[in-house]
>>> print(open('start.txt').read())   # compact mmCIF, N, CA and C atoms
# COMPACT_ATOMS: atom_id res chain seq x y z
N MET A 116 -20.79 174.44 -70.94
CA MET A 116 -20.16 173.46 -71.81
C MET A 116 -21.20 172.45 -72.24
N LYS A 117 -21.18 172.08 -73.51
CA LYS A 117 -22.17 171.17 -74.08
C LYS A 117 -21.62 169.75 -74.13
N ASN A 118 -21.64 169.08 -72.97
CA ASN A 118 -21.16 167.70 -72.91
C ASN A 118 -22.10 166.78 -73.69
N ILE A 119 -21.50 165.83 -74.38
CA ILE A 119 -22.26 164.83 -75.12
C ILE A 119 -21.95 163.47 -74.53
N LEU A 120 -23.01 162.75 -74.16
CA LEU A 120 -22.89 161.39 -73.65
C LEU A 120 -23.14 160.43 -74.81
N VAL A 121 -22.12 159.63 -75.13
CA VAL A 121 -22.21 158.66 -76.23
C VAL A 121 -22.40 157.27 -75.63
N LEU A 122 -23.51 156.63 -75.95
CA LEU A 122 -23.81 155.29 -75.48
C LEU A 122 -23.90 154.36 -76.68
N ASP A 123 -22.90 153.50 -76.81
CA ASP A 123 -22.91 152.52 -77.90
C ASP A 123 -22.06 151.34 -77.48
N ASP A 124 -22.52 150.14 -77.79
CA ASP A 124 -21.76 148.95 -77.41
C ASP A 124 -20.64 148.63 -78.39
N GLU A 125 -20.60 149.32 -79.52
CA GLU A 125 -19.56 149.10 -80.52
C GLU A 125 -18.40 150.08 -80.30
N ALA A 126 -17.21 149.51 -80.03
CA ALA A 126 -16.02 150.33 -79.79
C ALA A 126 -15.71 151.23 -80.97
N CYS A 127 -15.93 150.74 -82.18
CA CYS A 127 -15.60 151.56 -83.36
C CYS A 127 -16.49 152.80 -83.44
N VAL A 128 -17.75 152.68 -83.06
CA VAL A 128 -18.66 153.83 -83.08
C VAL A 128 -18.25 154.83 -82.00
N ARG A 129 -18.00 154.31 -80.77
CA ARG A 129 -17.56 155.21 -79.70
C ARG A 129 -16.24 155.88 -80.07
N GLY A 130 -15.33 155.12 -80.69
CA GLY A 130 -14.05 155.68 -81.09
C GLY A 130 -14.20 156.79 -82.12
N LEU A 131 -15.05 156.56 -83.11
CA LEU A 131 -15.29 157.58 -84.14
C LEU A 131 -15.85 158.85 -83.51
N LEU A 132 -16.90 158.70 -82.72
CA LEU A 132 -17.53 159.87 -82.10
C LEU A 132 -16.60 160.54 -81.09
N GLY A 133 -15.79 159.71 -80.41
CA GLY A 133 -14.84 160.22 -79.43
C GLY A 133 -13.70 161.01 -80.06
N ARG A 134 -13.50 160.86 -81.37
CA ARG A 134 -12.49 161.66 -82.08
C ARG A 134 -13.13 162.84 -82.80
N VAL A 135 -14.21 162.60 -83.52
CA VAL A 135 -14.82 163.63 -84.35
C VAL A 135 -15.40 164.78 -83.52
N LEU A 136 -16.19 164.45 -82.52
CA LEU A 136 -16.89 165.50 -81.77
C LEU A 136 -15.93 166.42 -81.00
N PRO A 137 -14.95 165.88 -80.25
CA PRO A 137 -14.01 166.79 -79.57
C PRO A 137 -13.21 167.65 -80.54
N ASN A 138 -12.92 167.13 -81.73
CA ASN A 138 -12.20 167.93 -82.73
C ASN A 138 -13.00 169.12 -83.20
N HIS A 139 -14.31 169.10 -82.95
CA HIS A 139 -15.17 170.21 -83.32
C HIS A 139 -15.71 170.95 -82.09
N GLY A 140 -15.04 170.74 -80.95
CA GLY A 140 -15.35 171.50 -79.75
C GLY A 140 -16.37 170.91 -78.80
N TYR A 141 -16.85 169.71 -79.07
CA TYR A 141 -17.84 169.08 -78.20
C TYR A 141 -17.16 168.07 -77.27
N PRO A 142 -17.20 168.29 -75.95
CA PRO A 142 -16.66 167.30 -75.01
C PRO A 142 -17.52 166.03 -75.03
N VAL A 143 -16.88 164.87 -74.99
CA VAL A 143 -17.58 163.59 -75.07
C VAL A 143 -17.32 162.76 -73.82
N ILE A 144 -18.40 162.14 -73.35
CA ILE A 144 -18.35 161.16 -72.26
C ILE A 144 -18.83 159.85 -72.89
N GLU A 145 -18.03 158.80 -72.79
CA GLU A 145 -18.38 157.53 -73.44
C GLU A 145 -18.90 156.52 -72.43
N ALA A 146 -19.90 155.74 -72.87
CA ALA A 146 -20.45 154.65 -72.06
C ALA A 146 -20.74 153.46 -72.97
N VAL A 147 -20.56 152.26 -72.42
CA VAL A 147 -20.76 151.04 -73.21
C VAL A 147 -22.10 150.36 -72.92
N CYS A 148 -22.78 150.76 -71.84
CA CYS A 148 -24.06 150.14 -71.49
C CYS A 148 -24.94 151.16 -70.78
N PRO A 149 -26.24 150.88 -70.67
CA PRO A 149 -27.15 151.84 -70.02
C PRO A 149 -26.75 152.19 -68.59
N VAL A 150 -26.36 151.20 -67.80
CA VAL A 150 -26.00 151.46 -66.41
C VAL A 150 -24.81 152.42 -66.35
N GLN A 151 -23.81 152.18 -67.18
CA GLN A 151 -22.63 153.04 -67.19
C GLN A 151 -23.00 154.45 -67.66
N ALA A 152 -23.91 154.56 -68.62
CA ALA A 152 -24.33 155.89 -69.10
C ALA A 152 -24.97 156.70 -67.98
N ILE A 153 -25.82 156.07 -67.20
CA ILE A 153 -26.49 156.76 -66.10
C ILE A 153 -25.48 157.14 -65.03
N GLU A 154 -24.54 156.24 -64.73
CA GLU A 154 -23.50 156.53 -63.74
C GLU A 154 -22.62 157.69 -64.19
N LYS A 155 -22.21 157.67 -65.46
CA LYS A 155 -21.32 158.73 -65.96
C LYS A 155 -22.04 160.07 -65.99
N CYS A 156 -23.32 160.05 -66.27
CA CYS A 156 -24.10 161.29 -66.25
C CYS A 156 -24.15 161.85 -64.83
N ALA A 157 -24.31 160.98 -63.86
CA ALA A 157 -24.33 161.41 -62.45
C ALA A 157 -22.97 161.97 -62.03
N GLU A 158 -21.88 161.38 -62.55
CA GLU A 158 -20.54 161.85 -62.21
C GLU A 158 -20.30 163.30 -62.62
N VAL A 159 -21.00 163.75 -63.66
CA VAL A 159 -20.86 165.15 -64.09
C VAL A 159 -22.07 165.98 -63.66
N ASP A 160 -22.76 165.49 -62.63
CA ASP A 160 -23.91 166.18 -62.05
C ASP A 160 -24.98 166.52 -63.09
N GLY A 161 -25.18 165.63 -64.05
CA GLY A 161 -26.21 165.85 -65.06
C GLY A 161 -25.87 166.91 -66.08
N ASN A 162 -24.61 167.33 -66.12
CA ASN A 162 -24.19 168.36 -67.07
C ASN A 162 -23.98 167.73 -68.45
N VAL A 163 -25.09 167.32 -69.05
CA VAL A 163 -25.08 166.68 -70.37
C VAL A 163 -26.15 167.36 -71.21
N SER A 164 -25.75 167.81 -72.39
CA SER A 164 -26.69 168.48 -73.29
C SER A 164 -27.32 167.52 -74.29
N LEU A 165 -26.56 166.45 -74.62
CA LEU A 165 -27.02 165.56 -75.68
C LEU A 165 -26.62 164.12 -75.36
N LEU A 166 -27.56 163.22 -75.58
CA LEU A 166 -27.29 161.79 -75.52
C LEU A 166 -27.30 161.27 -76.95
N ILE A 167 -26.21 160.64 -77.37
CA ILE A 167 -26.17 159.94 -78.65
C ILE A 167 -26.16 158.46 -78.30
N ALA A 168 -27.17 157.72 -78.74
CA ALA A 168 -27.28 156.33 -78.33
C ALA A 168 -27.92 155.47 -79.40
N GLU A 169 -27.48 154.24 -79.48
CA GLU A 169 -28.14 153.22 -80.29
C GLU A 169 -29.54 153.04 -79.70
N ALA A 170 -30.55 153.08 -80.55
CA ALA A 170 -31.92 153.04 -80.08
C ALA A 170 -32.29 151.69 -79.46
N MET A 171 -31.80 150.61 -80.04
CA MET A 171 -32.21 149.26 -79.63
C MET A 171 -31.25 148.64 -78.63
N PRO A 172 -31.69 147.55 -77.97
CA PRO A 172 -30.78 146.82 -77.09
C PRO A 172 -29.57 146.32 -77.87
N PRO A 173 -28.44 146.16 -77.22
CA PRO A 173 -28.27 146.19 -75.77
C PRO A 173 -28.15 147.59 -75.18
N CYS A 174 -28.04 148.62 -76.01
CA CYS A 174 -27.87 149.97 -75.45
C CYS A 174 -29.18 150.58 -74.99
N SER A 175 -30.26 150.28 -75.65
CA SER A 175 -31.58 150.77 -75.24
C SER A 175 -31.62 152.28 -75.05
N GLY A 176 -31.17 153.00 -76.08
CA GLY A 176 -31.11 154.45 -76.01
C GLY A 176 -32.43 155.12 -75.68
N LEU A 177 -33.53 154.53 -76.15
CA LEU A 177 -34.84 155.11 -75.83
C LEU A 177 -35.12 155.05 -74.34
N ALA A 178 -34.87 153.92 -73.72
CA ALA A 178 -35.12 153.78 -72.29
C ALA A 178 -34.20 154.68 -71.48
N VAL A 179 -32.93 154.73 -71.86
CA VAL A 179 -31.97 155.58 -71.15
C VAL A 179 -32.36 157.05 -71.29
N SER A 180 -32.78 157.45 -72.48
CA SER A 180 -33.16 158.85 -72.68
C SER A 180 -34.35 159.22 -71.80
N SER A 181 -35.32 158.33 -71.69
CA SER A 181 -36.48 158.60 -70.82
C SER A 181 -36.05 158.76 -69.37
N GLU A 182 -35.16 157.88 -68.93
CA GLU A 182 -34.69 157.96 -67.54
C GLU A 182 -33.91 159.25 -67.29
N LEU A 183 -33.01 159.61 -68.21
CA LEU A 183 -32.20 160.81 -68.03
C LEU A 183 -33.03 162.08 -68.15
N LYS A 184 -34.02 162.09 -69.05
CA LYS A 184 -34.84 163.29 -69.22
C LYS A 184 -35.68 163.59 -67.99
N ALA A 185 -35.89 162.59 -67.14
CA ALA A 185 -36.63 162.83 -65.90
C ALA A 185 -35.89 163.81 -65.00
N SER A 186 -34.56 163.81 -65.06
CA SER A 186 -33.78 164.73 -64.22
C SER A 186 -33.06 165.82 -65.01
N ILE A 187 -32.98 165.66 -66.33
CA ILE A 187 -32.32 166.66 -67.19
C ILE A 187 -33.33 167.07 -68.26
N SER A 188 -34.18 168.01 -67.93
CA SER A 188 -35.31 168.34 -68.82
C SER A 188 -34.86 168.89 -70.17
N HIS A 189 -33.70 169.56 -70.21
CA HIS A 189 -33.22 170.14 -71.47
C HIS A 189 -32.49 169.14 -72.36
N LEU A 190 -32.32 167.90 -71.92
CA LEU A 190 -31.54 166.91 -72.66
C LEU A 190 -32.12 166.67 -74.05
N LYS A 191 -31.25 166.73 -75.03
CA LYS A 191 -31.61 166.37 -76.41
C LYS A 191 -31.08 164.97 -76.68
N VAL A 192 -31.68 164.29 -77.65
CA VAL A 192 -31.35 162.89 -77.90
C VAL A 192 -31.17 162.66 -79.39
N LEU A 193 -30.05 162.01 -79.73
CA LEU A 193 -29.79 161.58 -81.10
C LEU A 193 -29.72 160.06 -81.07
N LEU A 194 -30.74 159.43 -81.61
CA LEU A 194 -30.81 157.98 -81.64
C LEU A 194 -30.26 157.47 -82.96
N THR A 195 -29.43 156.44 -82.89
CA THR A 195 -28.91 155.82 -84.10
C THR A 195 -29.52 154.43 -84.23
N SER A 196 -29.73 154.02 -85.47
CA SER A 196 -30.33 152.70 -85.69
C SER A 196 -30.07 152.23 -87.11
N GLY A 197 -29.89 150.94 -87.21
CA GLY A 197 -29.77 150.32 -88.53
C GLY A 197 -31.13 150.03 -89.13
N LEU A 198 -32.18 150.16 -88.34
CA LEU A 198 -33.55 149.95 -88.81
C LEU A 198 -34.30 151.27 -88.86
N PRO A 199 -35.11 151.49 -89.88
CA PRO A 199 -35.93 152.71 -89.87
C PRO A 199 -37.01 152.58 -88.79
N PRO A 200 -37.42 153.70 -88.19
CA PRO A 200 -38.39 153.66 -87.09
C PRO A 200 -39.69 152.93 -87.40
N ASP A 201 -40.12 152.93 -88.66
CA ASP A 201 -41.37 152.24 -88.97
C ASP A 201 -41.24 150.72 -88.88
N LEU A 202 -40.02 150.21 -88.73
CA LEU A 202 -39.81 148.78 -88.53
C LEU A 202 -39.48 148.44 -87.07
N TRP A 203 -39.48 149.44 -86.20
CA TRP A 203 -39.22 149.20 -84.79
C TRP A 203 -40.41 148.49 -84.15
N PRO A 204 -40.16 147.66 -83.13
CA PRO A 204 -41.27 147.05 -82.39
C PRO A 204 -42.18 148.12 -81.80
N ASP A 205 -43.44 147.77 -81.59
CA ASP A 205 -44.44 148.74 -81.12
C ASP A 205 -44.05 149.45 -79.83
N HIS A 206 -43.44 148.74 -78.88
CA HIS A 206 -43.11 149.41 -77.61
C HIS A 206 -42.04 150.48 -77.80
N TYR A 207 -41.17 150.34 -78.81
CA TYR A 207 -40.19 151.39 -79.09
C TYR A 207 -40.88 152.60 -79.72
N ALA A 208 -41.84 152.34 -80.59
CA ALA A 208 -42.60 153.43 -81.20
C ALA A 208 -43.34 154.22 -80.13
N THR A 209 -43.89 153.52 -79.14
CA THR A 209 -44.59 154.18 -78.04
C THR A 209 -43.61 155.05 -77.24
N GLN A 210 -42.44 154.52 -76.92
CA GLN A 210 -41.43 155.30 -76.20
C GLN A 210 -41.02 156.52 -77.01
N LEU A 211 -40.85 156.35 -78.30
CA LEU A 211 -40.44 157.46 -79.17
C LEU A 211 -41.49 158.57 -79.15
N ARG A 212 -42.76 158.20 -79.18
CA ARG A 212 -43.84 159.20 -79.15
C ARG A 212 -43.87 159.96 -77.83
N SER A 213 -43.27 159.40 -76.77
CA SER A 213 -43.27 160.09 -75.48
C SER A 213 -42.26 161.23 -75.43
N LEU A 214 -41.33 161.26 -76.39
CA LEU A 214 -40.33 162.34 -76.43
C LEU A 214 -40.90 163.55 -77.16
N PRO A 215 -40.65 164.75 -76.64
CA PRO A 215 -41.09 165.95 -77.38
C PRO A 215 -40.44 165.97 -78.77
N PRO A 216 -41.21 166.26 -79.81
CA PRO A 216 -40.68 166.19 -81.19
C PRO A 216 -39.43 167.01 -81.45
N ASP A 217 -39.26 168.13 -80.76
CA ASP A 217 -38.09 168.98 -81.00
C ASP A 217 -36.89 168.56 -80.14
N SER A 218 -37.01 167.47 -79.39
CA SER A 218 -35.93 167.08 -78.48
C SER A 218 -35.09 165.91 -78.99
N PHE A 219 -35.42 165.39 -80.17
CA PHE A 219 -34.67 164.23 -80.65
C PHE A 219 -34.59 164.20 -82.17
N LYS A 220 -33.62 163.43 -82.64
CA LYS A 220 -33.48 163.10 -84.06
C LYS A 220 -33.10 161.63 -84.13
N ILE A 221 -33.37 161.04 -85.28
CA ILE A 221 -32.96 159.66 -85.54
C ILE A 221 -32.00 159.69 -86.71
N LEU A 222 -30.87 159.03 -86.53
CA LEU A 222 -29.84 158.98 -87.56
C LEU A 222 -29.65 157.53 -87.97
N ALA A 223 -29.85 157.27 -89.26
CA ALA A 223 -29.72 155.91 -89.77
C ALA A 223 -28.25 155.51 -89.88
N LYS A 224 -27.97 154.28 -89.49
CA LYS A 224 -26.64 153.71 -89.70
C LYS A 224 -26.61 153.09 -91.08
N PRO A 225 -25.52 153.13 -91.77
CA PRO A 225 -24.27 153.78 -91.41
C PRO A 225 -24.37 155.29 -91.62
N PHE A 226 -23.56 156.01 -90.87
CA PHE A 226 -23.53 157.47 -90.99
C PHE A 226 -22.09 157.94 -91.12
N THR A 227 -21.93 159.14 -91.63
CA THR A 227 -20.60 159.74 -91.79
C THR A 227 -20.34 160.71 -90.65
N PRO A 228 -19.09 161.10 -90.45
CA PRO A 228 -18.82 162.13 -89.44
C PRO A 228 -19.62 163.41 -89.70
N TRP A 229 -19.80 163.77 -90.96
CA TRP A 229 -20.55 164.99 -91.27
C TRP A 229 -22.02 164.84 -90.92
N ASP A 230 -22.57 163.63 -91.08
CA ASP A 230 -23.96 163.39 -90.68
C ASP A 230 -24.13 163.64 -89.19
N ILE A 231 -23.18 163.11 -88.41
CA ILE A 231 -23.23 163.29 -86.95
C ILE A 231 -23.10 164.77 -86.59
N LEU A 232 -22.12 165.44 -87.16
CA LEU A 232 -21.91 166.86 -86.83
C LEU A 232 -23.13 167.70 -87.19
N ARG A 233 -23.73 167.44 -88.31
CA ARG A 233 -24.92 168.18 -88.73
C ARG A 233 -26.07 167.95 -87.74
N ALA A 234 -26.29 166.69 -87.35
CA ALA A 234 -27.37 166.36 -86.41
C ALA A 234 -27.11 166.98 -85.03
N VAL A 235 -25.87 166.90 -84.56
CA VAL A 235 -25.52 167.48 -83.26
C VAL A 235 -25.75 168.98 -83.29
N ASN A 236 -25.28 169.63 -84.33
CA ASN A 236 -25.45 171.07 -84.45
C ASN A 236 -26.93 171.45 -84.50
N ASP A 237 -27.75 170.66 -85.20
CA ASP A 237 -29.19 170.93 -85.26
C ASP A 237 -29.84 170.83 -83.88
N LEU A 238 -29.38 169.88 -83.07
CA LEU A 238 -30.01 169.65 -81.77
C LEU A 238 -29.52 170.59 -80.68
N ILE A 239 -28.21 170.84 -80.61
CA ILE A 239 -27.69 171.64 -79.49
C ILE A 239 -26.90 172.87 -79.91
N GLY A 240 -26.80 173.10 -81.20
CA GLY A 240 -26.07 174.28 -81.66
C GLY A 240 -24.58 174.03 -81.74
N GLU A 241 -23.88 175.04 -82.15
CA GLU A 241 -22.43 174.92 -82.29
C GLU A 241 -21.76 174.79 -80.93
N ALA A 242 -20.61 174.16 -80.93
CA ALA A 242 -19.85 173.99 -79.70
C ALA A 242 -19.40 175.35 -79.17
N GLU A 243 -19.28 175.41 -77.85
CA GLU A 243 -18.77 176.61 -77.19
C GLU A 243 -17.26 176.45 -77.08
N ILE A 244 -16.53 177.11 -77.94
CA ILE A 244 -15.08 177.00 -77.93
C ILE A 244 -14.51 178.14 -77.09
N PRO A 245 -13.81 177.78 -75.99
CA PRO A 245 -13.29 178.83 -75.08
C PRO A 245 -12.23 179.68 -75.75
>>> encode(input="start.txt", output="structure tokens")
Amino acid sequence: MKNILVLDDEACVRGLLGRVLPNHGYPVIEAVCPVQAIEKCAEVDGNVSLLIAEAMPPCSGLAVSSELKASISHLKVLLTSGLPPDLWPDHYATQLRSLPPDSFKILAKPFTPWDILRAVNDLIGEAEIP
């Protein structure tokens, strides 16, 4: 099963992803902060294929992805941001360069449900529908 961990401090974003992704066969685990994301990942024994997270604080998707990838080597990452990466602070650019190029995508906000579905499918493939 291709569980998706959604980390975003905005309820509307979590709500959108929590409706769209399961409707297309992707199970979703929601978290509102980095600590909760790591805890929820542990609760499913690391059975997470994709992390969708806001890149910048307070969610700090880049930092969370680095921490999770230490124990989940196959983890893919979809970072969302209202800023293009070339405007990110230098330490975020450094963290981004530490990720293998084929393991992540960046999705600019605002995005549509189709943008998310396309990015998810590109990173982890189609959902496994029983």
>>> closest_residue(input="start.txt", among="A:Ile187, A:Gln210, A:Thr195, A:Leu166", to="Phe226 in chain A", atoms="only C-alpha atoms")
A:Thr195
>>> select_by_dssp(input="start.txt", residues="chain A", states="alpha helix (DSSP H)", output="count of residues only")
52
>>> atom_distance(input="start.txt", atom1="CA of Ala223 in chain A", atom2="CA of Leu122 in chain A")
15.5 Å
>>> atom_distance(input="start.txt", atom1="atom N of Gly240 in chain A", atom2="atom C of His206 in chain A")
27.5 Å
>>> atom_distance(input="start.txt", atom1="atom N of Lys155 in chain A", atom2="CA of Pro228 in chain A")
24.6 Å
>>> residues_around(input="start.txt", residues="range 232-239 of chain A", least_positions_apart="4", cutoff="8 Å", atoms="only N, CA and C atoms", output="NGL selection string")
:A and (117 or 135-136 or 164-165 or 191-193 or 217-220 or 222 or 227-228)
>>> write_last_selection(input="start.txt", atoms="N, CA and C atoms", output="mmCIF file, keeping the file's coordinate frame")
data_model
loop_
_atom_site.group_PDB
_atom_site.id
_atom_site.type_symbol
_atom_site.label_atom_id
_atom_site.label_comp_id
_atom_site.auth_asym_id
_atom_site.auth_seq_id
_atom_site.Cartn_x
_atom_site.Cartn_y
_atom_site.Cartn_z
ATOM 1 N N LYS A 117 -21.180 172.080 -73.510
ATOM 2 C CA LYS A 117 -22.170 171.170 -74.080
ATOM 3 C C LYS A 117 -21.620 169.750 -74.130
ATOM 4 N N VAL A 135 -14.210 162.600 -83.520
ATOM 5 C CA VAL A 135 -14.820 163.630 -84.350
ATOM 6 C C VAL A 135 -15.400 164.780 -83.520
ATOM 7 N N LEU A 136 -16.190 164.450 -82.520
ATOM 8 C CA LEU A 136 -16.890 165.500 -81.770
ATOM 9 C C LEU A 136 -15.930 166.420 -81.000
ATOM 10 N N SER A 164 -25.750 167.810 -72.390
ATOM 11 C CA SER A 164 -26.690 168.480 -73.290
ATOM 12 C C SER A 164 -27.320 167.520 -74.290
ATOM 13 N N LEU A 165 -26.560 166.450 -74.620
ATOM 14 C CA LEU A 165 -27.020 165.560 -75.680
ATOM 15 C C LEU A 165 -26.620 164.120 -75.360
ATOM 16 N N LYS A 191 -31.250 166.730 -75.030
ATOM 17 C CA LYS A 191 -31.610 166.370 -76.410
ATOM 18 C C LYS A 191 -31.080 164.970 -76.680
ATOM 19 N N VAL A 192 -31.680 164.290 -77.650
ATOM 20 C CA VAL A 192 -31.350 162.890 -77.900
ATOM 21 C C VAL A 192 -31.170 162.660 -79.390
ATOM 22 N N LEU A 193 -30.050 162.010 -79.730
ATOM 23 C CA LEU A 193 -29.790 161.580 -81.100
ATOM 24 C C LEU A 193 -29.720 160.060 -81.070
ATOM 25 N N ASP A 217 -39.260 168.130 -80.760
ATOM 26 C CA ASP A 217 -38.090 168.980 -81.000
ATOM 27 C C ASP A 217 -36.890 168.560 -80.140
ATOM 28 N N SER A 218 -37.010 167.470 -79.390
ATOM 29 C CA SER A 218 -35.930 167.080 -78.480
ATOM 30 C C SER A 218 -35.090 165.910 -78.990
ATOM 31 N N PHE A 219 -35.420 165.390 -80.170
ATOM 32 C CA PHE A 219 -34.670 164.230 -80.650
ATOM 33 C C PHE A 219 -34.590 164.200 -82.170
ATOM 34 N N LYS A 220 -33.620 163.430 -82.640
ATOM 35 C CA LYS A 220 -33.480 163.100 -84.060
ATOM 36 C C LYS A 220 -33.100 161.630 -84.130
ATOM 37 N N LEU A 222 -30.870 159.030 -86.530
ATOM 38 C CA LEU A 222 -29.840 158.980 -87.560
ATOM 39 C C LEU A 222 -29.650 157.530 -87.970
ATOM 40 N N THR A 227 -21.930 159.140 -91.630
ATOM 41 C CA THR A 227 -20.600 159.740 -91.790
ATOM 42 C C THR A 227 -20.340 160.710 -90.650
ATOM 43 N N PRO A 228 -19.090 161.100 -90.450
ATOM 44 C CA PRO A 228 -18.820 162.130 -89.440
ATOM 45 C C PRO A 228 -19.620 163.410 -89.700
#
>>> residues_around(input="start.txt", residues="range 124-133 of chain A", least_positions_apart="6", cutoff="8 Å", atoms="only C-alpha atoms", output="PDB file with N, CA and C atoms, in the frame of the given file")
ATOM      1  N   VAL A 143     -16.880 164.870 -74.990  1.00  0.00           N
ATOM      2  CA  VAL A 143     -17.580 163.590 -75.070  1.00  0.00           C
ATOM      3  C   VAL A 143     -17.320 162.760 -73.820  1.00  0.00           C
ATOM      4  N   GLU A 145     -18.030 158.800 -72.790  1.00  0.00           N
ATOM      5  CA  GLU A 145     -18.380 157.530 -73.440  1.00  0.00           C
ATOM      6  C   GLU A 145     -18.900 156.520 -72.430  1.00  0.00           C
ATOM      7  N   ALA A 146     -19.900 155.740 -72.870  1.00  0.00           N
ATOM      8  CA  ALA A 146     -20.450 154.650 -72.060  1.00  0.00           C
ATOM      9  C   ALA A 146     -20.740 153.460 -72.970  1.00  0.00           C
ATOM     10  N   VAL A 147     -20.560 152.260 -72.420  1.00  0.00           N
ATOM     11  CA  VAL A 147     -20.760 151.040 -73.210  1.00  0.00           C
ATOM     12  C   VAL A 147     -22.100 150.360 -72.920  1.00  0.00           C
ATOM     13  N   CYS A 148     -22.780 150.760 -71.840  1.00  0.00           N
ATOM     14  CA  CYS A 148     -24.060 150.140 -71.490  1.00  0.00           C
ATOM     15  C   CYS A 148     -24.940 151.160 -70.780  1.00  0.00           C
ATOM     16  N   PRO A 173     -28.440 146.160 -77.220  1.00  0.00           N
ATOM     17  CA  PRO A 173     -28.270 146.190 -75.770  1.00  0.00           C
ATOM     18  C   PRO A 173     -28.150 147.590 -75.180  1.00  0.00           C
ATOM     19  N   CYS A 174     -28.040 148.620 -76.010  1.00  0.00           N
ATOM     20  CA  CYS A 174     -27.870 149.970 -75.450  1.00  0.00           C
ATOM     21  C   CYS A 174     -29.180 150.580 -74.990  1.00  0.00           C
ATOM     22  N   PRO A 228     -19.090 161.100 -90.450  1.00  0.00           N
ATOM     23  CA  PRO A 228     -18.820 162.130 -89.440  1.00  0.00           C
ATOM     24  C   PRO A 228     -19.620 163.410 -89.700  1.00  0.00           C
TER      25      PRO A 228
END
>>> residues_near_point(input="start.txt", point="(-39.2, 157.5, -71.9)", cutoff="6.5 Å", atoms="all atoms listed in the file", output="number ranges by chain")
A: 177-178, 180-182, 210, 213-214
>>> closest_residue(input="start.txt", among="A:Leu194, A:Val159, A:Lys224, A:Arg212", to="Met171 in chain A", atoms="all atoms listed in the file")
A:Leu194
>>> residues_around(input="start.txt", residues="Ala242 in chain A", least_positions_apart="2", cutoff="6 Å", atoms="all atoms listed in the file", output="list in words")
His139, Gly140, Tyr141, Gly240 and Ile244 of chain A
>>> select_by_dssp(input="start.txt", residues="range 179-220 of chain A", states="strand (DSSP E or B)", output="list in words")
Lys191, Val192, Leu193, Leu194, Thr195, Ser196, Phe219 and Lys220 of chain A
>>> closest_residue(input="start.txt", among="A:Val121, A:Val179, A:Cys156, A:Ile221", to="Asp201 in chain A", atoms="only C-alpha atoms")
A:Ile221
